[in-house]
$ cat protein16.tsv   # TSV, C-alpha atoms and all ligand atoms
chain	number	residue	atom	x	y	z
T	1	MET	CA	22.64	-12.26	-1.68
T	2	LEU	CA	20.18	-9.55	-0.74
T	3	GLY	CA	17.98	-12.23	0.80
T	4	ASN	CA	20.63	-12.49	3.53
T	5	LEU	CA	19.74	-9.04	4.80
T	6	LYS	CA	18.30	-8.90	8.29
T	7	PRO	CA	15.05	-6.99	8.86
T	8	GLN	CA	15.76	-3.62	10.47
T	9	GLN	CA	13.92	-2.31	13.48
T	10	PRO	CA	11.87	0.65	12.24
T	11	ASP	CA	12.82	3.98	13.86
T	12	LYS	CA	10.22	4.55	16.59
T	13	ILE	CA	9.59	8.17	15.70
T	14	LEU	CA	9.21	7.49	11.98
T	15	ALA	CA	7.04	4.41	12.62
T	16	LEU	CA	4.68	6.57	14.70
T	17	MET	CA	4.46	9.03	11.78
T	18	GLY	CA	3.21	6.16	9.58
T	19	GLU	CA	0.71	4.98	12.20
T	20	PHE	CA	-0.69	8.50	12.52
T	21	ARG	CA	-1.16	8.83	8.75
T	22	ALA	CA	-3.03	5.50	8.65
T	23	ASP	CA	-5.44	6.49	11.48
T	24	THR	CA	-8.78	7.51	9.94
T	25	ARG	CA	-10.26	9.11	13.09
T	26	GLN	CA	-11.43	12.72	12.83
T	27	GLY	CA	-9.57	15.13	15.09
T	28	LYS	CA	-6.50	12.92	15.57
T	29	ILE	CA	-3.52	14.82	16.97
T	30	ASP	CA	0.13	14.19	16.04
T	31	LEU	CA	2.60	14.99	18.82
T	32	GLY	CA	5.22	12.59	17.47
T	33	VAL	CA	7.91	13.70	15.04
T	34	GLY	CA	9.63	17.02	15.78
T	35	VAL	CA	8.11	19.22	13.12
T	36	TYR	CA	6.82	22.72	13.89
T	37	LYS	CA	3.16	23.41	13.15
T	38	ASP	CA	1.51	26.81	13.33
T	39	ALA	CA	-1.84	27.55	14.97
T	40	SER	CA	-3.71	26.11	11.96
T	41	GLY	CA	-1.66	22.92	11.92
T	42	ASN	CA	0.52	23.75	8.91
T	43	THR	CA	4.30	23.61	8.65
T	44	PRO	CA	4.79	26.87	6.75
T	45	ILE	CA	7.70	27.93	4.57
T	46	MET	CA	9.19	30.89	6.41
T	47	ARG	CA	8.83	34.27	4.68
T	48	ALA	CA	12.58	34.87	4.40
T	49	VAL	CA	13.09	31.39	2.96
T	50	LYS	CA	10.57	32.08	0.18
T	51	ALA	CA	12.17	35.46	-0.51
T	52	ALA	CA	15.65	33.92	-0.62
T	53	GLU	CA	14.48	31.21	-3.02
T	54	GLN	CA	12.88	33.85	-5.24
T	55	ARG	CA	16.14	35.78	-5.30
T	56	MET	CA	18.12	32.62	-6.05
T	57	LEU	CA	15.79	31.75	-8.92
T	58	GLU	CA	16.48	35.13	-10.47
T	59	THR	CA	20.22	35.37	-9.85
T	60	GLU	CA	21.69	31.86	-9.83
T	61	THR	CA	23.71	31.26	-12.97
T	62	THR	CA	25.01	27.72	-12.50
T	63	LYS	CA	24.25	24.39	-10.89
T	64	SER	CA	27.82	23.21	-11.18
T	65	TYR	CA	29.46	21.56	-8.15
T	66	THR	CA	29.97	23.54	-5.01
T	67	ALA	CA	33.22	23.26	-2.95
T	68	LEU	CA	33.81	19.81	-1.40
T	69	PRO	CA	33.30	21.05	2.19
T	70	GLY	CA	30.41	23.29	0.99
T	71	GLU	CA	30.28	26.99	0.17
T	72	PRO	CA	32.38	29.18	2.52
T	73	ALA	CA	29.57	31.77	2.70
T	74	PHE	CA	27.25	29.19	4.26
T	75	ARG	CA	29.84	27.70	6.61
T	76	ASP	CA	31.03	31.11	7.79
T	77	ALA	CA	27.50	32.40	8.35
T	78	MET	CA	26.61	29.32	10.38
T	79	ALA	CA	29.83	29.52	12.41
T	80	ALA	CA	29.01	33.15	13.25
T	81	MET	CA	25.42	32.31	14.17
T	82	ILE	CA	26.53	29.49	16.45
T	83	LEU	CA	29.73	30.85	17.97
T	84	GLY	CA	29.27	34.61	17.77
T	85	GLU	CA	32.89	35.37	16.99
T	86	PRO	CA	34.49	32.19	15.68
T	87	PRO	CA	38.26	31.87	16.13
T	88	ALA	CA	39.38	31.61	12.47
T	89	ASP	CA	42.76	30.02	13.33
T	90	ARG	CA	41.06	27.13	15.14
T	91	LEU	CA	37.93	26.57	13.05
T	92	ALA	CA	37.29	23.95	10.36
T	93	SER	CA	33.80	23.48	8.94
T	94	LEU	CA	31.81	21.20	6.68
T	95	ALA	CA	28.41	21.50	5.01
T	96	THR	CA	26.52	18.26	5.60
T	97	VAL	CA	23.32	16.50	4.66
T	98	GLY	CA	21.20	17.82	7.52
T	99	GLY	CA	22.02	17.72	11.21
T	100	THR	CA	22.04	13.91	11.10
T	101	GLY	CA	24.77	14.09	8.45
T	102	ALA	CA	26.74	16.42	10.72
T	103	ILE	CA	26.45	13.98	13.63
T	104	ARG	CA	27.53	11.11	11.41
T	105	GLN	CA	30.52	13.00	9.98
T	106	GLY	CA	31.47	14.25	13.45
T	107	LEU	CA	31.52	10.69	14.77
T	108	GLU	CA	33.51	9.50	11.73
T	109	LEU	CA	36.02	12.30	12.30
T	110	ALA	CA	36.37	11.49	16.01
T	111	ARG	CA	36.87	7.81	15.21
T	112	MET	CA	39.54	8.59	12.60
T	113	ALA	CA	41.41	10.56	15.29
T	114	SER	CA	40.71	8.15	18.15
T	115	PRO	CA	39.91	4.62	16.91
T	116	GLY	CA	39.38	3.22	20.42
T	117	LEU	CA	36.83	5.82	21.47
T	118	THR	CA	33.73	5.32	23.60
T	119	VAL	CA	30.86	7.75	23.08
T	120	TRP	CA	29.03	8.97	26.19
T	121	TYR	CA	25.37	9.84	25.60
T	122	SER	CA	22.68	11.31	27.81
T	123	ASP	CA	20.10	8.91	29.20
T	124	PRO	CA	17.76	9.42	27.44
T	125	THR	CA	18.81	10.84	24.09
T	126	TRP	CA	17.48	11.10	20.53
T	127	PRO	CA	17.02	7.40	19.57
T	128	ASN	CA	18.85	7.87	16.29
T	129	HIS	CA	22.06	8.81	18.15
T	130	LEU	CA	22.11	5.30	19.58
T	131	SER	CA	21.13	3.68	16.31
T	132	ILE	CA	23.94	5.46	14.43
T	133	LEU	CA	26.49	4.50	17.08
T	134	ASP	CA	25.40	0.86	16.97
T	135	PHE	CA	25.47	0.81	13.18
T	136	MET	CA	28.99	2.27	13.21
T	137	GLY	CA	30.04	-0.29	15.85
T	138	ILE	CA	31.20	2.43	18.24
T	139	PRO	CA	31.09	1.44	21.94
T	140	LYS	CA	28.74	3.67	23.91
T	141	ARG	CA	28.03	4.44	27.54
T	142	ALA	CA	25.13	6.33	29.08
T	143	TYR	CA	25.48	9.21	31.50
T	144	ARG	CA	22.58	10.01	33.80
T	145	TYR	CA	20.64	13.06	32.68
T	146	PHE	CA	16.91	13.08	33.40
T	147	ASP	CA	15.46	12.98	36.88
T	148	ALA	CA	12.13	11.15	36.46
T	149	GLU	CA	10.87	12.53	39.76
T	150	THR	CA	11.44	16.26	39.14
T	151	ARG	CA	11.45	16.05	35.31
T	152	GLY	CA	14.59	18.20	35.52
T	153	VAL	CA	18.28	17.39	35.03
T	154	ASP	CA	19.94	14.93	37.42
T	155	PHE	CA	23.14	16.94	37.39
T	156	GLU	CA	24.79	15.10	40.26
T	157	GLY	CA	24.37	11.82	38.38
T	158	MET	CA	25.53	13.40	35.12
T	159	ALA	CA	28.70	14.81	36.70
T	160	ALA	CA	29.52	11.55	38.49
T	161	ASP	CA	29.17	9.56	35.25
T	162	LEU	CA	31.07	11.99	33.04
T	163	ALA	CA	33.96	12.01	35.50
T	164	GLN	CA	34.66	8.47	34.27
T	165	ALA	CA	35.20	9.50	30.62
T	166	GLN	CA	38.69	8.88	29.28
T	167	PRO	CA	40.97	10.95	27.03
T	168	GLY	CA	40.01	10.08	23.45
T	169	ASP	CA	36.33	9.49	24.36
T	170	VAL	CA	33.54	11.64	22.98
T	171	VAL	CA	30.82	13.19	25.13
T	172	LEU	CA	27.67	13.80	23.12
T	173	LEU	CA	25.82	16.83	24.51
T	174	HIS	CA	22.58	18.55	23.47
T	175	GLY	CA	23.39	22.24	22.98
T	176	CYS	CA	19.86	23.35	23.93
T	177	CYS	CA	16.25	22.13	23.89
T	178	HIS	CA	17.18	18.60	24.98
T	179	ASN	CA	15.56	15.93	22.85
T	180	PRO	CA	13.54	14.04	24.14
T	181	THR	CA	13.12	15.56	27.61
T	182	GLY	CA	13.01	19.38	27.23
T	183	ALA	CA	15.13	19.65	30.43
T	184	ASN	CA	18.27	21.74	29.99
T	185	LEU	CA	21.51	22.62	31.75
T	186	THR	CA	21.87	25.97	33.52
T	187	ALA	CA	24.82	28.28	32.75
T	188	THR	CA	26.54	27.15	35.97
T	189	GLN	CA	26.07	23.49	35.02
T	190	TRP	CA	27.59	24.15	31.58
T	191	GLU	CA	30.61	25.62	33.41
T	192	GLU	CA	30.87	22.44	35.44
T	193	VAL	CA	30.60	20.28	32.30
T	194	ALA	CA	33.44	22.30	30.77
T	195	GLY	CA	35.52	21.59	33.89
T	196	LEU	CA	34.74	17.87	33.68
T	197	LEU	CA	35.77	17.76	30.03
T	198	GLU	CA	39.01	19.61	30.86
T	199	ARG	CA	39.79	17.17	33.64
T	200	THR	CA	38.98	14.00	31.70
T	201	GLY	CA	40.36	15.03	28.30
T	202	ALA	CA	37.20	13.80	26.53
T	203	LEU	CA	36.09	15.56	23.34
T	204	PRO	CA	32.67	17.26	23.34
T	205	LEU	CA	30.37	16.70	20.35
T	206	ILE	CA	27.48	19.12	20.70
T	207	ASP	CA	24.26	18.40	18.84
T	208	LEU	CA	22.65	21.78	18.18
T	209	ALA	CA	19.43	21.04	16.31
T	210	TYR	CA	17.09	23.62	17.88
T	211	GLN	CA	19.00	26.90	18.17
T	212	GLY	CA	16.38	29.65	18.47
T	213	PHE	CA	13.61	27.36	19.68
T	214	GLY	CA	14.32	27.70	23.41
T	215	ASP	CA	15.08	31.20	24.72
T	216	GLY	CA	16.60	32.92	21.67
T	217	LEU	CA	19.34	32.47	19.08
T	218	ASP	CA	22.15	33.76	21.29
T	219	GLN	CA	20.79	32.39	24.57
T	220	ASP	CA	20.42	28.88	23.09
T	221	ALA	CA	24.06	28.93	21.98
T	222	GLU	CA	25.47	30.01	25.36
T	223	GLY	CA	26.43	26.53	26.54
T	224	THR	CA	28.01	25.71	23.17
T	225	ARG	CA	29.97	28.99	23.15
T	226	LEU	CA	31.22	28.40	26.67
T	227	ILE	CA	32.49	24.91	25.84
T	228	ALA	CA	34.03	26.09	22.56
T	229	ALA	CA	35.86	28.93	24.31
T	230	ARG	CA	37.20	26.84	27.19
T	231	LEU	CA	38.09	23.54	25.57
T	232	PRO	CA	40.99	23.20	23.13
T	233	GLU	CA	38.91	20.93	20.89
T	234	THR	CA	35.16	20.86	20.28
T	235	LEU	CA	32.87	19.40	17.62
T	236	ILE	CA	29.48	20.99	16.91
T	237	ALA	CA	26.83	19.38	14.69
T	238	ALA	CA	24.13	21.90	13.80
T	239	SER	CA	20.90	21.55	11.86
T	240	CYS	CA	18.97	24.17	9.86
T	241	SER	CA	15.90	21.93	9.60
T	242	LYS	CA	13.96	23.46	12.47
T	243	ASN	CA	15.12	27.06	12.87
T	244	PHE	CA	14.89	27.74	9.12
T	245	GLY	CA	12.02	25.26	8.64
T	246	ILE	CA	13.83	23.65	5.69
T	247	TYR	CA	13.51	20.07	6.88
T	248	ARG	CA	13.48	18.43	3.46
T	249	GLU	CA	16.40	20.45	2.07
T	250	ARG	CA	18.70	18.51	4.44
T	251	THR	CA	20.93	21.37	5.54
T	252	GLY	CA	23.46	21.09	8.33
T	253	VAL	CA	26.99	21.98	9.30
T	254	LEU	CA	29.79	20.37	11.27
T	255	LEU	CA	32.16	22.75	13.05
T	256	ALA	CA	35.46	21.50	14.48
T	257	LEU	CA	37.56	23.67	16.78
T	258	SER	CA	41.09	22.45	17.29
T	259	TYR	CA	44.54	23.69	18.25
T	260	PRO	CA	45.64	26.09	15.47
T	261	ALA	CA	48.38	23.60	14.46
T	262	ALA	CA	45.75	20.93	13.75
T	263	ARG	CA	43.29	23.16	11.91
T	264	ASP	CA	44.33	22.37	8.33
T	265	LEU	CA	44.63	18.68	9.09
T	266	THR	CA	41.11	18.69	10.51
T	267	GLN	CA	39.69	20.63	7.56
T	268	GLY	CA	41.32	18.19	5.14
T	269	ALA	CA	39.94	15.15	6.98
T	270	MET	CA	36.47	16.67	6.96
T	271	ALA	CA	36.50	17.34	3.21
T	272	PHE	CA	37.77	13.78	2.71
T	273	LEU	CA	34.80	12.47	4.69
T	274	ASN	CA	32.35	14.28	2.42
T	275	ARG	CA	34.10	12.84	-0.65
T	276	GLN	CA	33.92	9.30	0.73
T	277	THR	CA	30.27	9.61	1.71
T	278	TYR	CA	28.50	11.60	-0.99
T	279	SER	CA	31.14	13.82	-2.64
T	280	PHE	CA	29.77	17.35	-2.71
T	281	PRO	CA	27.17	18.39	-0.14
T	282	PRO	CA	23.73	19.63	-1.27
T	283	ASP	CA	23.70	23.37	-1.91
T	284	HIS	CA	20.10	24.55	-2.20
T	285	GLY	CA	19.29	24.70	1.52
T	286	ALA	CA	22.76	26.01	2.36
T	287	ARG	CA	22.32	28.80	-0.18
T	288	ILE	CA	18.93	29.72	1.28
T	289	VAL	CA	20.59	30.07	4.69
T	290	SER	CA	23.58	32.10	3.47
T	291	THR	CA	21.28	34.35	1.39
T	292	ILE	CA	19.19	35.08	4.48
T	293	LEU	CA	22.05	35.53	6.92
T	294	GLY	CA	24.01	37.63	4.41
T	295	ASP	CA	21.22	40.17	3.93
T	296	ALA	CA	20.28	42.47	6.82
T	297	GLU	CA	16.62	42.76	5.81
T	298	LEU	CA	16.05	39.05	5.21
T	299	ALA	CA	17.94	38.17	8.40
T	300	ALA	CA	15.80	40.58	10.45
T	301	ASP	CA	12.60	39.14	9.01
T	302	TRP	CA	13.76	35.57	9.63
T	303	LYS	CA	14.65	36.39	13.23
T	304	ALA	CA	11.25	38.02	13.74
T	305	GLU	CA	9.44	34.96	12.40
T	306	LEU	CA	11.63	32.63	14.47
T	307	GLU	CA	10.64	34.64	17.51
T	308	GLU	CA	6.95	34.20	16.64
T	309	VAL	CA	7.54	30.45	16.42
T	310	ARG	CA	9.32	30.41	19.78
T	311	ASN	CA	6.66	32.52	21.48
T	312	HIS	CA	3.92	30.33	20.05
T	313	MET	CA	5.55	27.28	21.65
T	314	LEU	CA	6.05	29.09	24.98
T	315	ALA	CA	2.39	30.13	25.01
T	316	LEU	CA	1.32	26.52	24.38
T	317	ARG	CA	3.53	25.38	27.26
T	318	SER	CA	1.90	27.88	29.63
T	319	GLN	CA	-1.57	26.97	28.46
T	320	LEU	CA	-0.97	23.22	28.89
T	321	ALA	CA	0.58	23.64	32.34
T	322	GLY	CA	-2.37	25.89	33.31
T	323	GLU	CA	-5.01	23.41	32.07
T	324	LEU	CA	-3.31	20.59	33.98
T	325	ARG	CA	-3.10	22.74	37.11
T	326	ASP	CA	-6.87	23.31	36.92
T	327	LEU	CA	-7.73	19.68	36.16
T	328	THR	CA	-5.48	18.10	38.82
T	329	GLY	CA	-5.62	20.84	41.45
T	330	SER	CA	-1.84	20.49	41.73
T	331	ASN	CA	1.30	21.97	40.21
T	332	ARG	CA	2.91	18.67	39.36
T	333	PHE	CA	2.89	19.45	35.62
T	334	ASP	CA	4.51	22.87	35.98
T	335	PHE	CA	7.73	21.41	34.58
T	336	ILE	CA	6.11	21.72	31.13
T	337	GLU	CA	6.42	25.48	31.49
T	338	GLU	CA	10.05	25.24	32.56
T	339	HIS	CA	11.15	22.92	29.77
T	340	ARG	CA	12.38	24.51	26.56
T	341	GLY	CA	12.27	23.65	22.87
T	342	MET	CA	9.89	21.46	20.97
T	343	PHE	CA	9.71	18.59	23.42
T	344	SER	CA	8.73	17.67	26.95
T	345	ARG	CA	8.86	14.25	28.51
T	346	LEU	CA	5.64	13.79	30.47
T	347	GLY	CA	6.76	10.84	32.57
T	348	ALA	CA	3.82	8.64	31.46
T	349	THR	CA	4.20	4.85	31.27
T	350	PRO	CA	4.13	3.11	27.84
T	351	GLU	CA	0.67	1.78	28.78
T	352	GLN	CA	-0.60	5.30	29.48
T	353	VAL	CA	0.88	6.53	26.16
T	354	GLU	CA	-0.92	3.66	24.42
T	355	ALA	CA	-4.20	4.49	26.18
T	356	ILE	CA	-3.94	8.14	25.12
T	357	LYS	CA	-3.52	7.00	21.52
T	358	ARG	CA	-6.35	4.47	21.72
T	359	ASP	CA	-8.89	6.60	23.57
T	360	ALA	CA	-8.07	10.14	22.42
T	361	ALA	CA	-6.31	9.59	19.05
T	362	ILE	CA	-3.31	11.55	20.34
T	363	TYR	CA	0.03	10.25	19.09
T	364	ILE	CA	2.93	10.55	21.54
T	365	VAL	CA	6.34	8.84	21.28
T	366	GLY	CA	6.44	5.73	23.54
T	367	ASP	CA	8.82	7.30	26.08
T	368	SER	CA	6.08	9.96	26.62
T	369	ARG	CA	7.82	12.71	24.67
T	370	ILE	CA	5.31	15.23	23.35
T	371	ASN	CA	6.00	17.66	20.54
T	372	ILE	CA	4.66	20.93	21.94
T	373	ALA	CA	4.66	22.43	18.44
T	374	GLY	CA	2.14	19.80	17.31
T	375	LEU	CA	-0.50	21.47	19.54
T	376	ASN	CA	-2.71	24.53	19.11
T	377	ARG	CA	-4.99	26.50	21.44
T	378	ASP	CA	-7.91	24.16	20.74
T	379	THR	CA	-6.05	20.88	21.13
T	380	VAL	CA	-4.26	21.76	24.40
T	381	PRO	CA	-7.41	21.16	26.54
T	382	ILE	CA	-8.04	17.86	24.73
T	383	LEU	CA	-4.49	16.69	25.53
T	384	ALA	CA	-4.75	17.86	29.15
T	385	ARG	CA	-7.95	15.85	29.65
T	386	ALA	CA	-6.44	12.78	27.98
T	387	ILE	CA	-3.36	12.98	30.23
T	388	VAL	CA	-5.51	13.11	33.35
T	389	GLU	CA	-7.91	10.40	32.14
T	390	ALA	CA	-4.98	8.06	31.44
T	391	GLY	CA	-3.91	8.52	35.07
T	392	VAL	CA	-0.53	10.14	34.35
T	401	LIG	C1	12.65	14.21	16.13
T	401	LIG	O1	13.33	13.86	17.09
T	401	LIG	O2	11.42	14.03	16.07
T	401	LIG	C2	13.30	14.90	14.98
T	401	LIG	O3	14.64	15.09	15.24
T	401	LIG	C3	13.04	14.26	13.68
T	401	LIG	C4	13.76	12.97	13.49
T	401	LIG	O4	14.42	12.84	12.46
T	401	LIG	O5	13.66	12.07	14.34

$ encode --input "protein16.tsv" --output "structure tokens"
Amino acid sequence: MLGNLKPQQPDKILALMGEFRADTRQGKIDLGVGVYKDASGNTPIMRAVKAAEQRMLETETTKSYTALPGEPAFRDAMAAMILGEPPADRLASLATVGGTGAIRQGLELARMASPGLTVWYSDPTWPNHLSILDFMGIPKRAYRYFDAETRGVDFEGMAADLAQAQPGDVVLLHGCCHNPTGANLTATQWEEVAGLLERTGALPLIDLAYQGFGDGLDQDAEGTRLIAARLPETLIAASCSKNFGIYRERTGVLLALSYPAARDLTQGAMAFLNRQTYSFPPDHGARIVSTILGDAELAADWKAELEEVRNHMLALRSQLAGELRDLTGSNRFDFIEEHRGMFSRLGATPEQVEAIKRDAAIYIVGDSRINIAGLNRDTVPILARAIVEAGV
């Protein structure tokens, strides 16, 4: 029977990770998968995370099951971090297996409520969004997002496409630090998206995987907060992988805001989804997060370190844009400084991306997405030269 299985297309980002590991060249540079690296190329455990784990080791008295939707302390702390002041009468929440788990459960929930839904996704988007939708058999439609000329947002195209969404459809939005482009909506554009959603009756599902990596914890949640305040119903899938650096602990949360009358129904459906998928959600990462956010000193230290991470990425963006300005005598790469988050889409062709890998041992995702956090002060000039030599 198992011989009937069809070979699966490897995920492009994960396949590139494997290719990088197998490359034996000295000085190779990995700008593929979205993992933060510090100036010496390590992905450190954040100070507050270590301290929280230490505290947990000393004080935890049981490893018995947690609550089916996850511990309230974790879900409440995340809701407060994301929404500021969450409306308790409208909020249901679910601890999930990472941000991917939150996306998956959010889509399952939307489909339970609206079996005929179409999901609208930004062109381009994180490839796994599309893969999950295809695997679930959910019809999908692209909305224009990235302007290849300016490397900014094609908002006119986005608005025109989203105006065609129907009641019962889902619009998948990136809350901040758009993956893969790095180009983000302005506050005014978020207002306009809220208006479009109101007019069409489509349900927003906001993927918030990089809160704190763009302009700051609160600033990066502004668009999400605006949508959540204006729309009667909103889904938010958030990840703790990047901002807490706990990638392998698989920690995420799904928030669902509904009419107060539908709150309990929504919470019940969400707990049911966990039970059908994996029963109880993992607790270790969630407990790290609630320990940090529930302690003023740990929270302050975590925020300070997150700010260091963000500033490090901003400095690399400025350095790269500056190097490219010098090498090309033009400002056509200044968009790198305007983009936010871990990623920027360079606008290179697949052939140019391949040449950069072949000639300079620099690994970039095929759509020319670079992970800014994979760079350091010494590798920025190497990348800048490789970009120019490849004719980008
Ligand atoms: C990425 O886009 O590189 C990250 O979100 C990691 C992943 O799982 O693809």

$ atom_distance --input "protein16.tsv" --atom1 "atom CA of T:Asn128" --atom2 "atom CA of T:Tyr278"
20.1 Å

$ residues_near_ligand --input "protein16.tsv" --ligand "ligand LIG 401 (chain T)" --cutoff "8 Å" --atoms "all atoms listed in the file" --output "number ranges by chain"
T: 13-14, 32-35, 100, 126-128, 179-180, 209, 371

$ write_last_selection --input "protein16.tsv" --atoms "C-alpha atoms" --output "PDB file, keeping the file's coordinate frame"
ATOM      1  CA  ILE T  13       9.590   8.170  15.700  1.00  0.00           C
ATOM      2  CA  LEU T  14       9.210   7.490  11.980  1.00  0.00           C
ATOM      3  CA  GLY T  32       5.220  12.590  17.470  1.00  0.00           C
ATOM      4  CA  VAL T  33       7.910  13.700  15.040  1.00  0.00           C
ATOM      5  CA  GLY T  34       9.630  17.020  15.780  1.00  0.00           C
ATOM      6  CA  VAL T  35       8.110  19.220  13.120  1.00  0.00           C
ATOM      7  CA  THR T 100      22.040  13.910  11.100  1.00  0.00           C
ATOM      8  CA  TRP T 126      17.480  11.100  20.530  1.00  0.00           C
ATOM      9  CA  PRO T 127      17.020   7.400  19.570  1.00  0.00           C
ATOM     10  CA  ASN T 128      18.850   7.870  16.290  1.00  0.00           C
ATOM     11  CA  ASN T 179      15.560  15.930  22.850  1.00  0.00           C
ATOM     12  CA  PRO T 180      13.540  14.040  24.140  1.00  0.00           C
ATOM     13  CA  ALA T 209      19.430  21.040  16.310  1.00  0.00           C
ATOM     14  CA  ASN T 371       6.000  17.660  20.540  1.00  0.00           C
TER      15      ASN T 371
END

$ atom_distance --input "protein16.tsv" --atom1 "atom CA of T:Tyr363" --atom2 "atom CA of T:Val388"
15.6 Å

$ residues_around --input "protein16.tsv" --residues "T:Gly374" --least-positions-apart "2" --cutoff "10 Å" --atoms "only C-alpha atoms" --output "list in words"
Ile29, Asp30, Leu31, Gly32, Val33, Gly34, Val35, Tyr36, Lys37, Asp38, Ala39, Gly41, Asn42, Thr43, Met313, Leu316, Met342, Phe343, Tyr363, Ile370, Asn371, Ile372, Asn376, Thr379 and Val380 of chain T

$ write_last_selection --input "protein16.tsv" --atoms "C-alpha atoms" --output "mmCIF file, in the frame of the given file"
data_model
loop_
_atom_site.group_PDB
_atom_site.id
_atom_site.type_symbol
_atom_site.label_atom_id
_atom_site.label_comp_id
_atom_site.auth_asym_id
_atom_site.auth_seq_id
_atom_site.Cartn_x
_atom_site.Cartn_y
_atom_site.Cartn_z
ATOM 1 C CA ILE T 29 -3.520 14.820 16.970
ATOM 2 C CA ASP T 30 0.130 14.190 16.040
ATOM 3 C CA LEU T 31 2.600 14.990 18.820
ATOM 4 C CA GLY T 32 5.220 12.590 17.470
ATOM 5 C CA VAL T 33 7.910 13.700 15.040
ATOM 6 C CA GLY T 34 9.630 17.020 15.780
ATOM 7 C CA VAL T 35 8.110 19.220 13.120
ATOM 8 C CA TYR T 36 6.820 22.720 13.890
ATOM 9 C CA LYS T 37 3.160 23.410 13.150
ATOM 10 C CA ASP T 38 1.510 26.810 13.330
ATOM 11 C CA ALA T 39 -1.840 27.550 14.970
ATOM 12 C CA GLY T 41 -1.660 22.920 11.920
ATOM 13 C CA ASN T 42 0.520 23.750 8.910
ATOM 14 C CA THR T 43 4.300 23.610 8.650
ATOM 15 C CA MET T 313 5.550 27.280 21.650
ATOM 16 C CA LEU T 316 1.320 26.520 24.380
ATOM 17 C CA MET T 342 9.890 21.460 20.970
ATOM 18 C CA PHE T 343 9.710 18.590 23.420
ATOM 19 C CA TYR T 363 0.030 10.250 19.090
ATOM 20 C CA ILE T 370 5.310 15.230 23.350
ATOM 21 C CA ASN T 371 6.000 17.660 20.540
ATOM 22 C CA ILE T 372 4.660 20.930 21.940
ATOM 23 C CA ASN T 376 -2.710 24.530 19.110
ATOM 24 C CA THR T 379 -6.050 20.880 21.130
ATOM 25 C CA VAL T 380 -4.260 21.760 24.400
#

$ residues_around --input "protein16.tsv" --residues "T:Ala79" --least-positions-apart "5" --cutoff "9 Å" --atoms "all atoms listed in the file" --output "PyMOL selection string"
chain T and resi 74+84-86+91+93+253+255

$ write_last_selection --input "protein16.tsv" --atoms "C-alpha atoms" --output "PDB file, in the coordinates of the input"
ATOM      1  CA  PHE T  74      27.250  29.190   4.260  1.00  0.00           C
ATOM      2  CA  GLY T  84      29.270  34.610  17.770  1.00  0.00           C
ATOM      3  CA  GLU T  85      32.890  35.370  16.990  1.00  0.00           C
ATOM      4  CA  PRO T  86      34.490  32.190  15.680  1.00  0.00           C
ATOM      5  CA  LEU T  91      37.930  26.570  13.050  1.00  0.00           C
ATOM      6  CA  SER T  93      33.800  23.480   8.940  1.00  0.00           C
ATOM      7  CA  VAL T 253      26.990  21.980   9.300  1.00  0.00           C
ATOM      8  CA  LEU T 255      32.160  22.750  13.050  1.00  0.00           C
TER       9      LEU T 255
END

$ residues_around --input "protein16.tsv" --residues "T:Ala348" --least-positions-apart "4" --cutoff "12 Å" --atoms "only C-alpha atoms" --output "VMD selection string"
chain T and resid 148 to 149 151 333 344 352 to 356 364 to 370 386 to 392

$ residues_around --input "protein16.tsv" --residues "T:Val170" --least-positions-apart "3" --cutoff "8 Å" --atoms "all atoms listed in the file" --output "NGL selection string"
:T and (110 or 117-120 or 202-205)

$ atom_distance --input "protein16.tsv" --atom1 "atom CA of T:Tyr259" --atom2 "atom CA of T:Pro232"
6.1 Å

$ residues_around --input "protein16.tsv" --residues "T:Ala300" --least-positions-apart "6" --cutoff "9 Å" --atoms "all atoms listed in the file" --output "number ranges by chain"
T: 48, 292-293

$ closest_residue --input "protein16.tsv" --among "T:Leu231, T:Met46, T:Ala286, T:Ile82" --to "T:Gly175" --atoms "all atoms listed in the file"
T:Ile82

$ closest_residue --input "protein16.tsv" --among "T:Ile45, T:Ala183, T:Ala73, T:Glu60" --to "T:Asp295" --atoms "only C-alpha atoms"
T:Ala73

$ closest_residue --input "protein16.tsv" --among "T:Leu133, T:Ile138, T:Thr200, T:Leu324" --to "T:Ala165" --atoms "all atoms listed in the file"
T:Thr200

$ closest_residue --input "protein16.tsv" --among "T:Lys12, T:His174, T:Lys28, T:Arg21" --to "T:Arg358" --atoms "all atoms listed in the file"
T:Lys28

$ closest_residue --input "protein16.tsv" --among "T:Met158, T:Leu83, T:Leu94, T:Leu346" --to "T:Ala271" --atoms "all atoms listed in the file"
T:Leu94
